[in-house]
Structure formats: C-alpha cells, structure tokens
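Novice: Sharing a structure below in structure tokens format, with a few things to ask.
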Amino acid sequence: MKAAVLHGKRDIRMENIPNPKVEPGSIVIKVRACGICGSDLHIYRQGDKAGLILGHEFSGDVYEIGAGVADFKKGDRVTGVGFRPCGECYWCKQGMTARCSNMKLAGDHFAGAMAEYVLLPNAQLNRTVFKLPDTVSYEQGATVEPVSVGSFSVRRAKVAPEDTCVVIGAGIIGLGIVQVLKAVGVKKVIAAGRRASRLKAAKESGADMIIDAAKEDTAAAVIKATKGLGADVVFECAGQQATFDQSLKIARGGGKVILVGLYEQPVTWKPIDATNKNLTLIGILGGHFTSTMEYMASGKVNTKPLISHTFPLDKAPEAFATQSDAPDAIKVMLKM
C-alpha cells in the first residue's frame, strides 16, 4: 500500500509498504480521508520518530474483520480511535481500556492512517469505532475526532446557557467548541485568534464576539465585554504560555479554565493566581464521538467549511507544509 512515512524533521516521503495484517479483536480500515492534527505537526517538526506513519483523524470503510469482532461488516463507513491497551494496568483490569495507563496510539506509537489502510487493534462498536451517519461525508467523518475533543471539553466544563464562554485559539478544536457551545444553547461565546481565515470561521461557527489577538489585547477585550467580571468558562486551545496566562486573568472569580491545547513547551505560573480567584482548572484528554456525530447529523455542527485544503495522499509532503505554514490553513485533509 501507499503510505506517507516520516523520515526526519519536516521530512515526509511516500513509500510502498505491506498492508497491515488483521489481528484478533481488530479491524482494518480502507482509509478514505485523514486530517493533519496539531499533534501530527509536533511530531513532524521534531522529526524524532523516523519510520512512523502519522494520522489519527480519519474515516473510511471496514475492509477486514478480525476474529472475535461481531458488530461490523465489510464496507461499513466508520471513524474511530486507534489504540492498543496494555491489558495489565489498573484500568485495563477494570475493563476500562480507554483509560489505559500505558496506551499505545495510532500515529504516535504505531502506524497511523496516512496510508491506504490502517489497523485498529481494539475494535469495539460505539467505544472505539463508530459508524458514520449517511449524511456525514468521509471528509467530515475525518473531523469527528478533533471535534469530539471539543464536545468532551464542553461536557467536562458543565456549561450553562447563561454562561459567558471564551475560546482562545481558533483551530479546528477551538472552532468545534464554538459550534458545540452554540448547539447546547450558550448565549454568549467569545472567540479569540490570530488568523483572519480562522476568525472568519469562528464568526460563521456562531461566535457572538471575535477578538483579533494580533491586533488587540485579548484579556482587556474580554474584561471590557464582561463589564469587569470576566468569563464563566475559558477554553484554552492554543497551548502557549501567553494564552495560559490570559486564561487565568480573564476567568471570573469561581470560574473555570479548560486546558484543551497541546503544550509543546512547559509553562511557568504562580498558583496564587488561580487560588486567589477560586478557579477550577480542568485538563482535557479524550473525546465524545457519539454526541459529536449527533450534532453533525442534525446540522448543529458543520465542519465542511473548516476543511480549508484537500490533497491526495501522494501530496502528503505539500499537505504538511500547508498545515504548518499557510496563514489560511484551518484543517488540511488528505483524501485516498
């Protein structure tokens, strides 16, 4: 099969390699679409996992079914999560493999979906693999994973309709959070970002107020918009020191800061900034696929406008360069 293989820093090459072999409890997916994620970019820029096939935001058709898997048939349109639990840790022994302490992830620890086929080692219907509604295209199906992080974030935040919510960072997860917040009835959503294309997408996604962080002080704008009170919930999706600091500053007393972004570098902070305001900091790792697909099937969440660029698989090097460097890139998608 054709696959996009990492060879070093910013070095993706197309190769022909053997197809993955189906295992007991697994399925093999014929990949139709795969998005480039921020975590893919992190590995791409570091270049320290040579030989790896990246990609964990995907959709496709069930191609082969392993022994012990009974809920799928060949040709089912699906998306899902590729991970291999250890089977030995506390969580695995409780039957809660999704919390495995030693989890191996597709596109990080073993071959991901930037290939014609991908193996999902732990295939469980509506737990790790999800059938796509007929109204959801393959390209949209490949955005379910990042938007599911947004859906999970909103659920963890336990927002109320009367809350003022601020989303810092207008990548696809941040934009997904904006759409999910509006889907659950939040009346005031403020989105902050630095790229014109993403700010436009945030407005189209339902944000009630847009802050161009390249031109104005995000914290000052939020404090002014909330008449000095601050936001009830801040979703920090940028993963930077500056945006972390902003989150603590703009959350109101007793408010919540939801840490969604991938931090590539350590941050420094003074815990007193959080304790003085009785803030709740909530870390996010995971996604809620079922609710995301319900939102997408109903039209309450629409990711089609967020797919800014599409490339065939054999143009993966150009696709990565675009996602990494193009100012107008939101979600770059590979199609097979």
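Following the order of the structure tokens, first chain is A, next is B, and so on, with residues numbered from 1 inside each chain and ligands from 1 in the order they appear.
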Give the strand (DSSP E or B) residues of stretch 70-266 of chain A, as assigned by DSSP on the backbone, as a CSV table (one decimal) with C-alpha atoms, in the first residue's frame.
Specialist:
chain,number,residue,atom,x,y,z
A,77,ARG,CA,-18.5,3.6,6.8
A,78,VAL,CA,-16.7,4.3,10.1
A,79,THR,CA,-14.4,6.6,12.1
A,80,GLY,CA,-12.8,5.8,15.4
A,83,PHE,CA,-5.2,2.5,20.3
A,84,ARG,CA,-3.6,-0.6,21.8
A,104,LYS,CA,-0.2,3.0,22.5
A,105,LEU,CA,-1.8,5.3,20.0
A,106,ALA,CA,-2.1,5.1,16.2
A,110,PHE,CA,2.3,2.6,15.8
A,115,ALA,CA,-2.0,5.4,4.3
A,117,TYR,CA,-5.1,1.1,5.0
A,118,VAL,CA,-4.9,1.3,8.8
A,119,LEU,CA,-5.2,-1.3,11.6
A,120,LEU,CA,-7.4,-0.6,14.6
A,125,LEU,CA,-18.6,-0.6,18.4
A,129,VAL,CA,-15.2,2.5,16.3
A,130,PHE,CA,-18.3,4.5,15.2
A,131,LYS,CA,-20.5,4.1,12.2
A,164,THR,CA,-20.1,33.7,29.1
A,165,CYS,CA,-17.6,31.4,27.5
A,166,VAL,CA,-14.3,32.4,25.9
A,167,VAL,CA,-12.5,30.2,23.4
A,168,ILE,CA,-8.8,31.1,22.9
A,188,LYS,CA,-22.6,34.4,24.7
A,189,VAL,CA,-19.5,32.9,23.1
A,190,ILE,CA,-16.3,34.9,22.6
A,191,ALA,CA,-13.6,33.6,20.3
A,192,ALA,CA,-10.0,34.9,20.1
A,193,GLY,CA,-7.4,34.0,17.5
A,209,MET,CA,-17.8,38.3,19.5
A,210,ILE,CA,-14.5,38.0,17.8
A,211,ILE,CA,-11.1,39.2,19.1
A,212,ASP,CA,-8.2,39.5,16.8
A,231,ALA,CA,-15.7,34.9,31.8
A,232,ASP,CA,-17.5,32.0,33.4
A,233,VAL,CA,-15.6,29.4,31.4
A,234,VAL,CA,-12.4,29.8,29.4
A,235,PHE,CA,-11.4,27.1,26.9
A,236,GLU,CA,-7.6,27.4,26.3
A,251,ALA,CA,-11.7,33.9,34.2
A,252,ARG,CA,-14.0,35.4,36.7
A,253,GLY,CA,-13.8,34.5,40.4
A,254,GLY,CA,-15.1,31.0,40.9
A,255,GLY,CA,-14.8,30.4,37.1
A,256,LYS,CA,-13.3,27.5,35.1
A,257,VAL,CA,-10.3,27.2,32.8
A,258,ILE,CA,-10.5,24.2,30.5
A,259,LEU,CA,-7.0,23.2,29.3
Novice: Could you pull the residues within 8 Å of stretch 316-329 of chain A, counting only C-alpha atoms, minus those fewer than 3 positions along the same chain, as a PDB file with N, CA and C atoms, in the first residue's frame?
Specialist:
ATOM      1  N   ALA A   4       2.380   7.636   3.749  1.00  0.00           N
ATOM      2  CA  ALA A   4       3.217   8.809   3.997  1.00  0.00           C
ATOM      3  C   ALA A   4       4.040   8.522   5.247  1.00  0.00           C
ATOM      4  N   ARG A  10      10.432  17.661   9.409  1.00  0.00           N
ATOM      5  CA  ARG A  10       9.732  18.175   8.232  1.00  0.00           C
ATOM      6  C   ARG A  10      10.004  17.344   6.976  1.00  0.00           C
ATOM      7  N   ASP A  11      10.188  16.073   7.151  1.00  0.00           N
ATOM      8  CA  ASP A  11      10.550  15.192   6.036  1.00  0.00           C
ATOM      9  C   ASP A  11       9.567  14.033   5.950  1.00  0.00           C
ATOM     10  N   ILE A  12       8.545  14.199   5.130  1.00  0.00           N
ATOM     11  CA  ILE A  12       7.544  13.164   4.863  1.00  0.00           C
ATOM     12  C   ILE A  12       7.784  12.642   3.450  1.00  0.00           C
ATOM     13  N   ARG A  13       7.848  11.312   3.309  1.00  0.00           N
ATOM     14  CA  ARG A  13       8.074  10.720   1.994  1.00  0.00           C
ATOM     15  C   ARG A  13       7.025   9.637   1.723  1.00  0.00           C
ATOM     16  N   MET A  14       6.676   9.516   0.464  1.00  0.00           N
ATOM     17  CA  MET A  14       5.744   8.472   0.057  1.00  0.00           C
ATOM     18  C   MET A  14       6.495   7.165  -0.165  1.00  0.00           C
ATOM     19  N   ILE A  36      -4.769  16.355   9.157  1.00  0.00           N
ATOM     20  CA  ILE A  36      -3.497  16.618   9.822  1.00  0.00           C
ATOM     21  C   ILE A  36      -3.788  17.399  11.096  1.00  0.00           C
ATOM     22  N   LEU A  41       1.690  17.684  13.607  1.00  0.00           N
ATOM     23  CA  LEU A  41       2.672  18.733  13.312  1.00  0.00           C
ATOM     24  C   LEU A  41       3.803  18.730  14.329  1.00  0.00           C
ATOM     25  N   ARG A 195      -5.491  34.526  13.149  1.00  0.00           N
ATOM     26  CA  ARG A 195      -5.507  34.427  11.691  1.00  0.00           C
ATOM     27  C   ARG A 195      -6.872  34.861  11.161  1.00  0.00           C
ATOM     28  N   ALA A 196      -6.854  35.671  10.112  1.00  0.00           N
ATOM     29  CA  ALA A 196      -8.103  36.200   9.560  1.00  0.00           C
ATOM     30  C   ALA A 196      -9.055  35.092   9.124  1.00  0.00           C
ATOM     31  N   SER A 197      -8.507  34.041   8.473  1.00  0.00           N
ATOM     32  CA  SER A 197      -9.372  32.967   7.984  1.00  0.00           C
ATOM     33  C   SER A 197     -10.056  32.241   9.135  1.00  0.00           C
ATOM     34  N   ARG A 198      -9.336  32.069  10.226  1.00  0.00           N
ATOM     35  CA  ARG A 198      -9.915  31.355  11.367  1.00  0.00           C
ATOM     36  C   ARG A 198     -10.898  32.228  12.142  1.00  0.00           C
ATOM     37  N   SER A 308     -10.069  23.545   4.943  1.00  0.00           N
ATOM     38  CA  SER A 308      -9.580  24.631   4.090  1.00  0.00           C
ATOM     39  C   SER A 308      -8.795  24.137   2.884  1.00  0.00           C
ATOM     40  N   HIS A 309      -8.150  22.992   2.990  1.00  0.00           N
ATOM     41  CA  HIS A 309      -7.313  22.469   1.908  1.00  0.00           C
ATOM     42  C   HIS A 309      -7.485  20.955   1.830  1.00  0.00           C
ATOM     43  N   THR A 310      -7.466  20.432   0.613  1.00  0.00           N
ATOM     44  CA  THR A 310      -7.549  18.995   0.396  1.00  0.00           C
ATOM     45  C   THR A 310      -6.460  18.573  -0.584  1.00  0.00           C
ATOM     46  N   PHE A 311      -5.733  17.496  -0.246  1.00  0.00           N
ATOM     47  CA  PHE A 311      -4.660  16.978  -1.082  1.00  0.00           C
ATOM     48  C   PHE A 311      -4.841  15.473  -1.254  1.00  0.00           C
ATOM     49  N   PRO A 312      -4.424  14.923  -2.390  1.00  0.00           N
ATOM     50  CA  PRO A 312      -4.357  13.459  -2.493  1.00  0.00           C
ATOM     51  C   PRO A 312      -3.225  12.942  -1.613  1.00  0.00           C
ATOM     52  N   LEU A 313      -3.296  11.671  -1.260  1.00  0.00           N
ATOM     53  CA  LEU A 313      -2.304  11.086  -0.354  1.00  0.00           C
ATOM     54  C   LEU A 313      -0.881  11.293  -0.848  1.00  0.00           C
ATOM     55  N   VAL A 332      -6.311  20.789   7.077  1.00  0.00           N
ATOM     56  CA  VAL A 332      -5.816  20.240   5.824  1.00  0.00           C
ATOM     57  C   VAL A 332      -6.135  18.747   5.813  1.00  0.00           C
ATOM     58  N   MET A 333      -6.723  18.297   4.718  1.00  0.00           N
ATOM     59  CA  MET A 333      -7.221  16.931   4.632  1.00  0.00           C
ATOM     60  C   MET A 333      -6.526  16.171   3.503  1.00  0.00           C
ATOM     61  N   LEU A 334      -6.146  14.934   3.788  1.00  0.00           N
ATOM     62  CA  LEU A 334      -5.652  14.009   2.770  1.00  0.00           C
ATOM     63  C   LEU A 334      -6.805  13.113   2.347  1.00  0.00           C
TER      64      LEU A 334
END
Novice: Restricting the calculation to only C-alpha atoms, which member of A:Met336, A:Ala160, A:Val144, A:Lys227 is positioned closest to A:Gly176?
Specialist: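 Using only C-alpha atoms, the shortest distance to A:Gly176 belongs to A:Val144.
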Novice: From the set A:Leu6, A:Ala214, A:Val154, A:Leu306, which residue has the shortest atom-to-atom contact distance to A:Gly185, counting only C-alpha atoms?
Specialist: A:Val154
Novice: Tell me which of A:Ile17, A:Ile173, A:Ala207, A:Met293 sits closest to A:Lys2, counting only C-alpha atoms.
Specialist: A:Ile17
Novice: For the atom pair atom CA of A:Lys277 and atom CA of A:Leu229, what is the interatomic distance in Å to one decimal place?
Specialist: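 Atom CA of A:Leu229 lies 11.6 Å from atom CA of A:Lys277.
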